[in-house]
2 protein chains.
Amino acid sequence: MPGIGPRSAERIALWLVQIRGDQPDHIARAITTTRETVRPCILCGFFATGELCDICSDPTRVQDILCIVEQPTDILPLEKTSAFRGRYHSLGGRIAPLDHIGPEDLRIRELLDRVEKEPFSEIIFALAADVEGEATTNYIVDLLKNKPVALTRIARGLPAGGGLESADELTLYQALSGRTSIPR
Amino acid sequence: MPGIGPRSAERIALWLVQIRGDQPDHIARAITTTRETVRPCILCGFFATGELCDICSDPTRVQDILCIVEQPTDILPLEKTSAFRGRYHSLGGRIAPLDHIGPEDLRIRELLDRVEKEPFSEIIFALAADVEGEATTNYIVDLLKNKPVALTRIARGLPAGGGLESADELTLYQALSGRTSIPR
């Protein structure tokens, strides 16, 4: 399990065989139940207990803005910001030729299906700000370029709390060239 | 001296008394010369050997865009990006009430003088993306709001190379709300 090294594993194993009471059985059942009931949402790929996840089945969310992310786990930090009330589409990864991950390994066909069926007015690309995230964004933008929908990407620039001296050259370049107007 | 702890200091001191040749004297002279000749540029506050620094006295630079930074040392990383060919104004710090630094301690009057005399079409605020940098930006924007000049700030968002999982909540919020249109 992630984060559990040999020493932790040994401690847990000894705890399992020594403890009285049924706490280990509860944990075992919880693991089994989670594995049986949580599956990817058939629409967006996020975690769901039914066919659709809580976000896709929520009628109060904005229906015409879609945010594309790499992994379903990327949806959690975005939700925490409360800056976005639309819907998501998780690709399940990004194009990475060195790891033998091509476009056909991602949920891109599902995305194109959704764009055909659902009336989106804006699609936000929220992929990582690195070479593979960029390449994946460009690949999908190319597929969508003739669709009547606004395509945007999340901003690149200085992270919150950061000074200029701690930013790398590329970040400063993107911060300067992506500068925004100050309202007054 | 910064970066030199007790052990390094001792090693340098022993080197000074043991070495033959005049290398220590060269260093001493270089320090004296630097202290005597390098002073702040009277216009922008950057390092200069004459009245004006190399940037202010360079006629090939764009004359009508000004970039405001906190420290003269912030100009170096911005210059490395080559994304900006205009001129700078270093404030010499930022408003920090807890450190007893108020607007009158910064080179703000000099900035207002420059804005009156030089025909800037755009002023870019490139201060740190934290509370004090923000407060200083707002203070100066307020002073300049009636001037006929475009006021912009460097972009906030995901730093280069960063994934969504490594970004904090505020950075993701700013990246989402500052999203930009993708050209196609």
# chains A, B, ... in the order shown; residues from 1 in each chain; ligands from 1

$ select_by_dssp --residues "stretch 110-159 of chain A" --states "helix (DSSP H, G or I)" --output "PDB file with N, CA, C and O atoms, in the first residue's frame"
ATOM      1  N   GLU A 110     -14.809   9.162 -25.394  1.00  0.00           N
ATOM      2  CA  GLU A 110     -15.928   9.490 -24.508  1.00  0.00           C
ATOM      3  C   GLU A 110     -16.127  11.007 -24.439  1.00  0.00           C
ATOM      4  O   GLU A 110     -17.258  11.498 -24.399  1.00  0.00           O
ATOM      5  N   LEU A 111     -15.010  11.749 -24.428  1.00  0.00           N
ATOM      6  CA  LEU A 111     -15.090  13.207 -24.385  1.00  0.00           C
ATOM      7  C   LEU A 111     -15.766  13.739 -25.648  1.00  0.00           C
ATOM      8  O   LEU A 111     -16.687  14.572 -25.579  1.00  0.00           O
ATOM      9  N   LEU A 112     -15.333  13.242 -26.814  1.00  0.00           N
ATOM     10  CA  LEU A 112     -15.906  13.709 -28.079  1.00  0.00           C
ATOM     11  C   LEU A 112     -17.402  13.388 -28.148  1.00  0.00           C
ATOM     12  O   LEU A 112     -18.207  14.197 -28.619  1.00  0.00           O
ATOM     13  N   ASP A 113     -17.773  12.206 -27.643  1.00  0.00           N
ATOM     14  CA  ASP A 113     -19.190  11.831 -27.577  1.00  0.00           C
ATOM     15  C   ASP A 113     -19.976  12.848 -26.765  1.00  0.00           C
ATOM     16  O   ASP A 113     -21.062  13.290 -27.168  1.00  0.00           O
ATOM     17  N   ARG A 114     -19.393  13.221 -25.583  1.00  0.00           N
ATOM     18  CA  ARG A 114     -20.092  14.175 -24.707  1.00  0.00           C
ATOM     19  C   ARG A 114     -20.245  15.526 -25.394  1.00  0.00           C
ATOM     20  O   ARG A 114     -21.290  16.166 -25.283  1.00  0.00           O
ATOM     21  N   VAL A 115     -19.177  15.958 -26.087  1.00  0.00           N
ATOM     22  CA  VAL A 115     -19.227  17.278 -26.730  1.00  0.00           C
ATOM     23  C   VAL A 115     -20.305  17.282 -27.816  1.00  0.00           C
ATOM     24  O   VAL A 115     -20.968  18.295 -28.060  1.00  0.00           O
ATOM     25  N   GLU A 116     -20.509  16.103 -28.476  1.00  0.00           N
ATOM     26  CA  GLU A 116     -21.561  16.018 -29.484  1.00  0.00           C
ATOM     27  C   GLU A 116     -22.946  16.114 -28.850  1.00  0.00           C
ATOM     28  O   GLU A 116     -23.836  16.774 -29.366  1.00  0.00           O
ATOM     29  N   LYS A 117     -23.109  15.425 -27.703  1.00  0.00           N
ATOM     30  CA  LYS A 117     -24.454  15.269 -27.127  1.00  0.00           C
ATOM     31  C   LYS A 117     -24.837  16.397 -26.181  1.00  0.00           C
ATOM     32  O   LYS A 117     -26.009  16.767 -26.108  1.00  0.00           O
ATOM     33  N   VAL A 131       5.281  19.310 -20.126  1.00  0.00           N
ATOM     34  CA  VAL A 131       5.324  18.998 -21.554  1.00  0.00           C
ATOM     35  C   VAL A 131       4.203  18.035 -21.952  1.00  0.00           C
ATOM     36  O   VAL A 131       3.506  18.251 -22.945  1.00  0.00           O
ATOM     37  N   GLU A 132       3.994  16.977 -21.154  1.00  0.00           N
ATOM     38  CA  GLU A 132       2.986  15.978 -21.531  1.00  0.00           C
ATOM     39  C   GLU A 132       1.561  16.528 -21.372  1.00  0.00           C
ATOM     40  O   GLU A 132       0.696  16.236 -22.200  1.00  0.00           O
ATOM     41  N   GLY A 133       1.341  17.318 -20.314  1.00  0.00           N
ATOM     42  CA  GLY A 133       0.020  17.939 -20.133  1.00  0.00           C
ATOM     43  C   GLY A 133      -0.283  18.869 -21.296  1.00  0.00           C
ATOM     44  O   GLY A 133      -1.396  18.889 -21.843  1.00  0.00           O
ATOM     45  N   GLU A 134       0.728  19.617 -21.700  1.00  0.00           N
ATOM     46  CA  GLU A 134       0.615  20.555 -22.817  1.00  0.00           C
ATOM     47  C   GLU A 134       0.314  19.819 -24.121  1.00  0.00           C
ATOM     48  O   GLU A 134      -0.564  20.202 -24.892  1.00  0.00           O
ATOM     49  N   ALA A 135       1.053  18.713 -24.369  1.00  0.00           N
ATOM     50  CA  ALA A 135       0.879  17.942 -25.597  1.00  0.00           C
ATOM     51  C   ALA A 135      -0.532  17.356 -25.646  1.00  0.00           C
ATOM     52  O   ALA A 135      -1.182  17.356 -26.701  1.00  0.00           O
ATOM     53  N   THR A 136      -1.028  16.871 -24.506  1.00  0.00           N
ATOM     54  CA  THR A 136      -2.363  16.290 -24.454  1.00  0.00           C
ATOM     55  C   THR A 136      -3.416  17.364 -24.721  1.00  0.00           C
ATOM     56  O   THR A 136      -4.376  17.150 -25.478  1.00  0.00           O
ATOM     57  N   THR A 137      -3.221  18.546 -24.099  1.00  0.00           N
ATOM     58  CA  THR A 137      -4.141  19.661 -24.343  1.00  0.00           C
ATOM     59  C   THR A 137      -4.176  19.990 -25.831  1.00  0.00           C
ATOM     60  O   THR A 137      -5.257  20.092 -26.441  1.00  0.00           O
ATOM     61  N   ASN A 138      -2.989  20.140 -26.447  1.00  0.00           N
ATOM     62  CA  ASN A 138      -2.935  20.503 -27.866  1.00  0.00           C
ATOM     63  C   ASN A 138      -3.615  19.456 -28.743  1.00  0.00           C
ATOM     64  O   ASN A 138      -4.307  19.797 -29.704  1.00  0.00           O
ATOM     65  N   TYR A 139      -3.415  18.182 -28.408  1.00  0.00           N
ATOM     66  CA  TYR A 139      -4.015  17.098 -29.191  1.00  0.00           C
ATOM     67  C   TYR A 139      -5.543  17.210 -29.178  1.00  0.00           C
ATOM     68  O   TYR A 139      -6.200  17.115 -30.219  1.00  0.00           O
ATOM     69  N   ILE A 140      -6.097  17.456 -27.990  1.00  0.00           N
ATOM     70  CA  ILE A 140      -7.560  17.512 -27.872  1.00  0.00           C
ATOM     71  C   ILE A 140      -8.107  18.806 -28.478  1.00  0.00           C
ATOM     72  O   ILE A 140      -9.157  18.807 -29.125  1.00  0.00           O
ATOM     73  N   VAL A 141      -7.372  19.929 -28.278  1.00  0.00           N
ATOM     74  CA  VAL A 141      -7.793  21.203 -28.875  1.00  0.00           C
ATOM     75  C   VAL A 141      -7.924  21.020 -30.388  1.00  0.00           C
ATOM     76  O   VAL A 141      -8.869  21.499 -31.013  1.00  0.00           O
ATOM     77  N   ASP A 142      -6.970  20.282 -30.974  1.00  0.00           N
ATOM     78  CA  ASP A 142      -6.978  20.049 -32.399  1.00  0.00           C
ATOM     79  C   ASP A 142      -8.231  19.277 -32.832  1.00  0.00           C
ATOM     80  O   ASP A 142      -8.819  19.559 -33.873  1.00  0.00           O
ATOM     81  N   LEU A 143      -8.653  18.323 -32.004  1.00  0.00           N
ATOM     82  CA  LEU A 143      -9.856  17.539 -32.322  1.00  0.00           C
ATOM     83  C   LEU A 143     -11.129  18.383 -32.204  1.00  0.00           C
ATOM     84  O   LEU A 143     -12.124  18.120 -32.873  1.00  0.00           O
ATOM     85  N   LEU A 144     -11.066  19.403 -31.317  1.00  0.00           N
ATOM     86  CA  LEU A 144     -12.282  20.175 -31.012  1.00  0.00           C
ATOM     87  C   LEU A 144     -12.343  21.497 -31.763  1.00  0.00           C
ATOM     88  O   LEU A 144     -13.300  22.251 -31.608  1.00  0.00           O
TER      89      LEU A 144
END

$ residues_around --residues "B:Arg61" --least-positions-apart "5" --cutoff "9 Å" --atoms "only C-alpha atoms" --output "list in words"
Ile55, Cys56, Arg85, Gly86 and Arg87 of chain B

$ interface_residues --of "chain A" --to "chain B" --cutoff "6 Å" --atoms "only C-alpha atoms" --output "VMD selection string"
chain A and resid 81 83 128 to 130 151 to 164 169 171 173 175 to 176 178 to 182

$ closest_residue --among "B:Arg94, B:Lys147, B:Arg7, B:His100" --to "B:Pro119" --atoms "only C-alpha atoms"
B:Lys147

$ atom_distance --atom1 "atom CA of A:Ile27" --atom2 "atom CA of A:Phe46"
23.7 Å

$ select_by_dssp --residues "chain B" --states "strand (DSSP E or B)" --output "list of chain:residue names"
B:Arg39, B:Pro40, B:Phe47, B:Ala48, B:Ile65, B:Leu66, B:Cys67, B:Ile68, B:Val69, B:Arg87, B:Tyr88, B:His89, B:Ser90, B:Ala96, B:Ile101, B:Glu122, B:Ile123, B:Ile124, B:Phe125, B:Ala150, B:Leu151, B:Thr152, B:Arg153, B:Arg156, B:Leu158, B:Thr180, B:Ser181

$ decode --residues "stretch 72-109 of chain B" --atoms "C-alpha atoms" --output "mmCIF file, in the first residue's frame"
data_model
loop_
_atom_site.group_PDB
_atom_site.id
_atom_site.type_symbol
_atom_site.label_atom_id
_atom_site.label_comp_id
_atom_site.auth_asym_id
_atom_site.auth_seq_id
_atom_site.Cartn_x
_atom_site.Cartn_y
_atom_site.Cartn_z
ATOM 1 C CA PRO B 72 16.416 45.630 -7.649
ATOM 2 C CA THR B 73 17.402 41.941 -7.475
ATOM 3 C CA ASP B 74 13.958 41.037 -8.937
ATOM 4 C CA ILE B 75 15.043 42.668 -12.200
ATOM 5 C CA LEU B 76 17.707 39.996 -12.841
ATOM 6 C CA PRO B 77 15.346 36.974 -13.134
ATOM 7 C CA LEU B 78 12.893 39.039 -15.227
ATOM 8 C CA GLU B 79 15.702 40.028 -17.607
ATOM 9 C CA LYS B 80 16.683 36.359 -17.969
ATOM 10 C CA THR B 81 13.247 35.495 -19.384
ATOM 11 C CA SER B 82 13.748 37.944 -22.309
ATOM 12 C CA ALA B 83 9.960 38.350 -22.218
ATOM 13 C CA PHE B 84 10.174 42.033 -21.359
ATOM 14 C CA ARG B 85 12.053 44.729 -23.265
ATOM 15 C CA GLY B 86 10.689 47.770 -21.443
ATOM 16 C CA ARG B 87 12.006 49.571 -18.390
ATOM 17 C CA TYR B 88 11.808 48.935 -14.651
ATOM 18 C CA HIS B 89 11.099 50.722 -11.407
ATOM 19 C CA SER B 90 12.256 49.107 -8.183
ATOM 20 C CA LEU B 91 10.370 50.178 -5.063
ATOM 21 C CA GLY B 92 13.103 48.975 -2.702
ATOM 22 C CA GLY B 93 10.640 46.789 -0.772
ATOM 23 C CA ARG B 94 6.930 46.440 -0.130
ATOM 24 C CA ILE B 95 4.474 47.889 2.378
ATOM 25 C CA ALA B 96 4.839 45.748 5.521
ATOM 26 C CA PRO B 97 3.274 47.315 8.628
ATOM 27 C CA LEU B 98 4.610 44.523 10.866
ATOM 28 C CA ASP B 99 8.161 45.453 9.842
ATOM 29 C CA HIS B 100 7.342 49.194 10.131
ATOM 30 C CA ILE B 101 7.727 49.694 6.381
ATOM 31 C CA GLY B 102 5.173 52.206 5.104
ATOM 32 C CA PRO B 103 4.611 53.735 1.649
ATOM 33 C CA GLU B 104 6.933 56.643 2.540
ATOM 34 C CA ASP B 105 9.841 54.206 2.935
ATOM 35 C CA LEU B 106 9.497 53.024 -0.661
ATOM 36 C CA ARG B 107 10.409 54.744 -3.926
ATOM 37 C CA ILE B 108 6.762 55.571 -4.655
ATOM 38 C CA ARG B 109 7.177 59.359 -4.977
#
